[in-house]
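Listing of final.cif; format and content: mmCIF, C-alpha atoms and all ligand atoms.
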```
data_my_file
#
loop_
_atom_site.label_atom_id
_atom_site.label_comp_id
_atom_site.auth_asym_id
_atom_site.auth_seq_id
_atom_site.Cartn_x
_atom_site.Cartn_y
_atom_site.Cartn_z
CA MET A 6 82.20 -58.00 36.21
CA SER A 7 80.32 -59.94 33.48
CA ASN A 8 78.01 -58.05 31.21
CA SER A 9 74.51 -59.20 30.45
CA LYS A 10 74.88 -59.44 26.65
CA VAL A 11 77.60 -62.07 26.88
CA MET A 12 75.79 -63.92 29.65
CA GLU A 13 72.73 -64.14 27.42
CA ILE A 14 74.87 -65.56 24.59
CA LEU A 15 76.45 -68.11 26.93
CA GLY A 16 72.98 -69.06 28.14
CA ARG A 17 71.94 -69.85 24.58
CA TYR A 18 74.63 -72.52 24.44
CA GLU A 19 74.34 -73.58 28.09
CA SER A 20 77.99 -72.55 28.48
CA ASP A 21 79.00 -75.58 26.42
CA PRO A 22 82.77 -75.45 25.66
CA GLY A 23 82.06 -77.43 22.45
CA ALA A 24 80.07 -74.45 21.16
CA ILE A 25 82.99 -72.05 21.45
CA ILE A 26 83.02 -71.10 17.75
CA SER A 27 79.28 -70.38 17.72
CA ILE A 28 79.66 -68.41 20.95
CA LEU A 29 82.47 -66.32 19.42
CA GLN A 30 80.37 -65.76 16.28
CA ASP A 31 77.49 -64.46 18.40
CA VAL A 32 79.83 -62.26 20.46
CA GLN A 33 81.32 -60.86 17.26
CA GLU A 34 77.84 -60.09 15.93
CA ALA A 35 76.67 -58.48 19.17
CA TYR A 36 79.76 -56.29 19.73
CA ARG A 37 81.02 -56.10 16.09
CA TYR A 38 84.33 -57.49 17.40
CA LEU A 39 85.65 -59.65 20.22
CA PRO A 40 86.36 -57.35 23.19
CA ARG A 41 89.05 -58.76 25.47
CA ASP A 42 87.04 -58.33 28.68
CA VAL A 43 84.13 -60.22 27.10
CA LEU A 44 86.48 -63.04 26.06
CA ALA A 45 87.69 -63.16 29.66
CA ASP A 46 84.06 -63.66 30.76
CA VAL A 47 83.64 -66.43 28.17
CA SER A 48 86.86 -68.07 29.32
CA ARG A 49 85.78 -68.07 32.95
CA GLU A 50 82.23 -69.27 32.29
CA ILE A 51 83.05 -72.15 29.97
CA ASN A 52 86.42 -73.10 31.42
CA ILE A 53 88.53 -72.66 28.33
CA PRO A 54 91.80 -70.78 28.94
CA LEU A 55 91.79 -67.22 27.58
CA SER A 56 94.99 -67.99 25.65
CA ARG A 57 93.17 -70.77 23.76
CA ILE A 58 90.24 -68.48 22.95
CA LEU A 59 92.61 -65.76 21.74
CA SER A 60 94.40 -68.20 19.45
CA LEU A 61 91.04 -69.30 17.97
CA ALA A 62 90.07 -65.65 17.52
CA THR A 63 93.32 -64.96 15.68
CA PHE A 64 93.17 -68.12 13.58
CA TYR A 65 89.73 -67.49 12.05
CA LYS A 66 89.67 -64.52 9.69
CA ALA A 67 85.99 -63.85 10.37
CA PHE A 68 86.87 -62.77 13.92
CA SER A 69 88.33 -59.43 14.86
CA LEU A 70 89.98 -58.44 18.11
CA LYS A 71 89.73 -54.79 17.08
CA PRO A 72 86.48 -52.79 16.93
CA LYS A 73 84.79 -52.68 13.52
CA GLY A 74 82.82 -49.73 12.17
CA ARG A 75 79.02 -49.52 12.15
CA HIS A 76 79.41 -49.80 8.39
CA ALA A 77 81.91 -52.57 7.67
CA PHE A 78 83.14 -52.33 4.07
CA HIS A 79 84.64 -55.53 2.63
CA VAL A 80 86.23 -55.33 -0.79
CA CYS A 81 86.60 -58.67 -2.53
CA LEU A 82 90.07 -59.17 -3.98
CA GLY A 83 89.39 -62.71 -5.20
CA THR A 84 90.51 -63.54 -8.75
CA ALA A 85 87.29 -62.58 -10.59
CA CYS A 86 87.07 -59.27 -8.75
CA HIS A 87 90.79 -58.61 -9.02
CA VAL A 88 90.82 -58.90 -12.81
CA ARG A 89 87.90 -56.47 -12.99
CA GLY A 90 89.64 -53.71 -11.07
CA ALA A 91 88.91 -54.46 -7.41
CA GLN A 92 92.28 -53.07 -6.33
CA LEU A 93 91.37 -49.67 -7.79
CA VAL A 94 88.01 -49.83 -5.99
CA LEU A 95 89.81 -50.58 -2.73
CA GLU A 96 92.21 -47.66 -3.22
CA LYS A 97 89.33 -45.31 -3.97
CA LEU A 98 87.50 -46.49 -0.85
CA GLU A 99 90.64 -45.88 1.21
CA ARG A 100 90.69 -42.30 -0.05
CA GLU A 101 86.95 -41.72 0.41
CA LEU A 102 86.79 -43.22 3.90
CA GLY A 103 90.15 -41.81 4.99
CA ILE A 104 91.33 -45.17 6.31
CA SER A 105 93.51 -47.97 4.97
CA ALA A 106 92.43 -51.57 4.50
CA GLY A 107 92.37 -53.27 7.91
CA GLU A 108 91.52 -50.04 9.75
CA THR A 109 88.47 -48.58 11.49
CA SER A 110 87.68 -44.86 11.52
CA GLU A 111 88.18 -43.13 14.86
CA ASP A 112 84.46 -42.43 15.27
CA LEU A 113 83.78 -46.16 14.64
CA ALA A 114 81.51 -45.27 11.71
CA TYR A 115 83.51 -47.23 9.11
CA SER A 116 85.91 -50.09 8.79
CA LEU A 117 87.52 -51.33 5.62
CA ASP A 118 88.88 -54.78 4.88
CA ALA A 119 89.98 -56.75 1.85
CA VAL A 120 88.56 -60.26 1.63
CA ARG A 121 88.83 -63.23 -0.72
CA CYS A 122 85.91 -64.39 -2.88
CA VAL A 123 82.55 -63.73 -1.26
CA GLY A 124 80.81 -66.11 -3.66
CA CYS A 125 79.20 -63.68 -6.13
CA CYS A 126 81.88 -63.70 -8.83
CA GLY A 127 79.27 -62.99 -11.55
CA LEU A 128 78.84 -59.54 -9.97
CA ALA A 129 82.57 -58.74 -9.86
CA PRO A 130 83.94 -56.48 -8.61
CA VAL A 131 82.03 -56.87 -5.36
CA VAL A 132 81.95 -54.74 -2.22
CA MET A 133 80.00 -55.90 0.82
CA VAL A 134 78.81 -53.40 3.39
CA GLY A 135 77.69 -55.36 6.41
CA GLU A 136 75.51 -58.10 4.92
CA GLU A 137 74.61 -56.11 1.79
CA VAL A 138 76.23 -57.10 -1.50
CA HIS A 139 77.07 -54.41 -4.06
CA GLY A 140 78.12 -55.73 -7.45
CA LYS A 141 79.84 -54.27 -10.50
CA ILE A 142 81.39 -51.51 -8.43
CA THR A 143 83.68 -49.16 -10.30
CA GLN A 144 85.86 -46.37 -8.98
CA THR A 145 83.23 -43.86 -10.07
CA LYS A 146 80.48 -45.68 -8.16
CA VAL A 147 82.46 -45.62 -4.91
CA SER A 148 81.48 -42.07 -3.89
CA GLY A 149 77.79 -42.88 -4.23
CA LEU A 150 78.25 -46.05 -2.23
CA VAL A 151 80.01 -44.20 0.59
CA LYS A 152 77.32 -41.50 0.55
CA LYS A 153 74.66 -44.17 0.99
CA TYR A 154 76.28 -45.17 4.28
CA SER A 155 77.36 -41.70 5.36
CA ARG A 156 77.68 -41.08 9.05
S1 LIG B 1 86.19 -63.27 -6.65
FE1 LIG B 1 85.02 -61.66 -5.84
S2 LIG B 1 83.12 -62.61 -5.48
FE2 LIG B 1 84.34 -64.22 -6.21
#
```
Could the structure of this file be written out as structure tokens, please?
Ligand code: FES
Amino acid sequence: MSNSKVMEILGRYESDPGAIISILQDVQEAYRYLPRDVLADVSREINIPLSRILSLATFYKAFSLKPKGRHAFHVCLGTACHVRGAQLVLEKLERELGISAGETSEDLAYSLDAVRCVGCCGLAPVVMVGEEVHGKITQTKVSGLVKKYSR
């Protein structure tokens, strides 16, 4: 049974198979990940085999086949951030959130991922929470940051 959110997304692109990446981006934004049953709907509606869609979803790092938290923490481990202590920031976030990089908390409140350069090297080390950029984050600033997004 198709759900209306995905049908609305497909409608936006007139179920055009050439728009598959944009469709997956919109699905990811709407559901915060790519649920398998939704991908099955996409596959059926635009006539692209599910296996092909799954390999696209795995190939592009921006997509996730696992649920993400309402607050998605991304710690930049690019060179500029790395040399300014990003690894320590990541470890502190793992302790504060109680999850490891790549995981989502059981209540789906938080997810934590390491990423490569998010394009604001002047603010290193950088943590993004959703679309919000937080620069010059130190281990001591992590608790305050987590509190700001507390459940
Ligand atoms: S290396 Fe972190 S923003 Fe560029």
Fewer than 4 positions away in the same chain doesn't count, so skip those; otherwise give me all residues within 10 Å of Gly74 of chain A, counting only C-alpha atoms, as an mmCIF file with C-alpha atoms, keeping the file's coordinate frame.
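Dumped to selection01.cif:
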```
data_model
loop_
_atom_site.group_PDB
_atom_site.id
_atom_site.type_symbol
_atom_site.label_atom_id
_atom_site.label_comp_id
_atom_site.auth_asym_id
_atom_site.auth_seq_id
_atom_site.Cartn_x
_atom_site.Cartn_y
_atom_site.Cartn_z
ATOM 1 C CA ARG A 37 81.020 -56.100 16.090
ATOM 2 C CA TYR A 38 84.330 -57.490 17.400
ATOM 3 C CA PHE A 78 83.140 -52.330 4.070
ATOM 4 C CA GLU A 108 91.520 -50.040 9.750
ATOM 5 C CA THR A 109 88.470 -48.580 11.490
ATOM 6 C CA SER A 110 87.680 -44.860 11.520
ATOM 7 C CA GLU A 111 88.180 -43.130 14.860
ATOM 8 C CA ASP A 112 84.460 -42.430 15.270
ATOM 9 C CA LEU A 113 83.780 -46.160 14.640
ATOM 10 C CA ALA A 114 81.510 -45.270 11.710
ATOM 11 C CA TYR A 115 83.510 -47.230 9.110
ATOM 12 C CA SER A 116 85.910 -50.090 8.790
ATOM 13 C CA LEU A 117 87.520 -51.330 5.620
ATOM 14 C CA GLY A 135 77.690 -55.360 6.410
#
```
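The shell of residues at most 10 Å from Val94 of chain A, with all atoms listed in the file counted and near chain neighbours (fewer than 6 positions) removed, consists of Val80, Cys81, Leu82, Cys86, His87, Arg100, Pro130, Val131, Val132, Ile142, Thr143, Gln144, Thr145, Lys146 and Val147 of chain A.
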Per residue of chain A within 10 Å of ligand LIG 1 (chain B), note the shortest atom pair and the distance in Å to one decimal, counting only C-alpha atoms and all ligand atoms, and order the rows by chain and increasing residue number, as CSV.
```
residue,atom,partner,partner_atom,distance
A:Val80,CA,B:LIG1,FE1,8.2
A:Cys81,CA,B:LIG1,FE1,4.7
A:Leu82,CA,B:LIG1,FE1,5.9
A:Gly83,CA,B:LIG1,S1,3.6
A:Thr84,CA,B:LIG1,S1,4.8
A:Ala85,CA,B:LIG1,S1,4.1
A:Cys86,CA,B:LIG1,FE1,4.3
A:His87,CA,B:LIG1,S1,7.0
A:Val88,CA,B:LIG1,S1,8.9
A:Arg89,CA,B:LIG1,FE1,9.3
A:Ala91,CA,B:LIG1,FE1,8.3
A:Val120,CA,B:LIG1,FE1,8.4
A:Arg121,CA,B:LIG1,S1,6.5
A:Cys122,CA,B:LIG1,FE2,3.7
A:Val123,CA,B:LIG1,S2,4.4
A:Gly124,CA,B:LIG1,S2,4.6
A:Cys125,CA,B:LIG1,S2,4.1
A:Cys126,CA,B:LIG1,FE2,3.6
A:Gly127,CA,B:LIG1,S2,7.2
A:Leu128,CA,B:LIG1,S2,6.9
A:Ala129,CA,B:LIG1,FE1,5.5
A:Pro130,CA,B:LIG1,FE1,6.0
A:Val131,CA,B:LIG1,FE1,5.7
A:Val132,CA,B:LIG1,FE1,8.4
A:Met133,CA,B:LIG1,S2,9.7
A:Val138,CA,B:LIG1,S2,9.7
A:Gly140,CA,B:LIG1,S2,8.7
```
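Our summary of the geometry notes that atom CA of Ser155 of chain A is positioned 8.9 Å from atom CA of His76 of chain A.
Ranking A:Leu150, A:Ile28, A:Ala119, A:Ala77 by their shortest atom-to-atom distance to Ser48 of chain A, with only C-alpha atoms included, puts A:Ile28 first.
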Fill in: Within 10 Å of Ile14 of chain A using all atoms listed in the file, minus same-chain residues under 2 positions, as a ChimeraX atom specification
/A:9-12,16-20,27-32,35,47
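Rounded to one decimal, atom CA of Lys71 of chain A and atom CA of Gly90 of chain A lie 28.2 Å from each other.
Across the structure, atom CA of Ala62 of chain A and atom CA of Leu39 of chain A are spaced 7.9 Å apart.
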Taking only residues of segment 32-113 of chain A that have an atom at most 8 Å from an atom of segment 151-154 of chain A, what is each one's shortest atom pair and its distance in Å to one decimal, using all atoms listed in the file, in chain and number order, as JSON lines?
```
{"residue": "A:His76", "atom": "CA", "partner": "A:Tyr154", "partner_atom": "CA", "distance": 6.9}
{"residue": "A:Leu98", "atom": "CA", "partner": "A:Val151", "partner_atom": "CA", "distance": 8.0}
{"residue": "A:Glu101", "atom": "CA", "partner": "A:Val151", "partner_atom": "CA", "distance": 7.4}
{"residue": "A:Leu102", "atom": "CA", "partner": "A:Val151", "partner_atom": "CA", "distance": 7.6}
```
Worksheet item: Of the candidates A:Lys73, A:Tyr36, A:Arg57, A:Arg49, which one gets nearest to Leu15 of chain A if we count all atoms listed in the file?
Response: A:Arg49
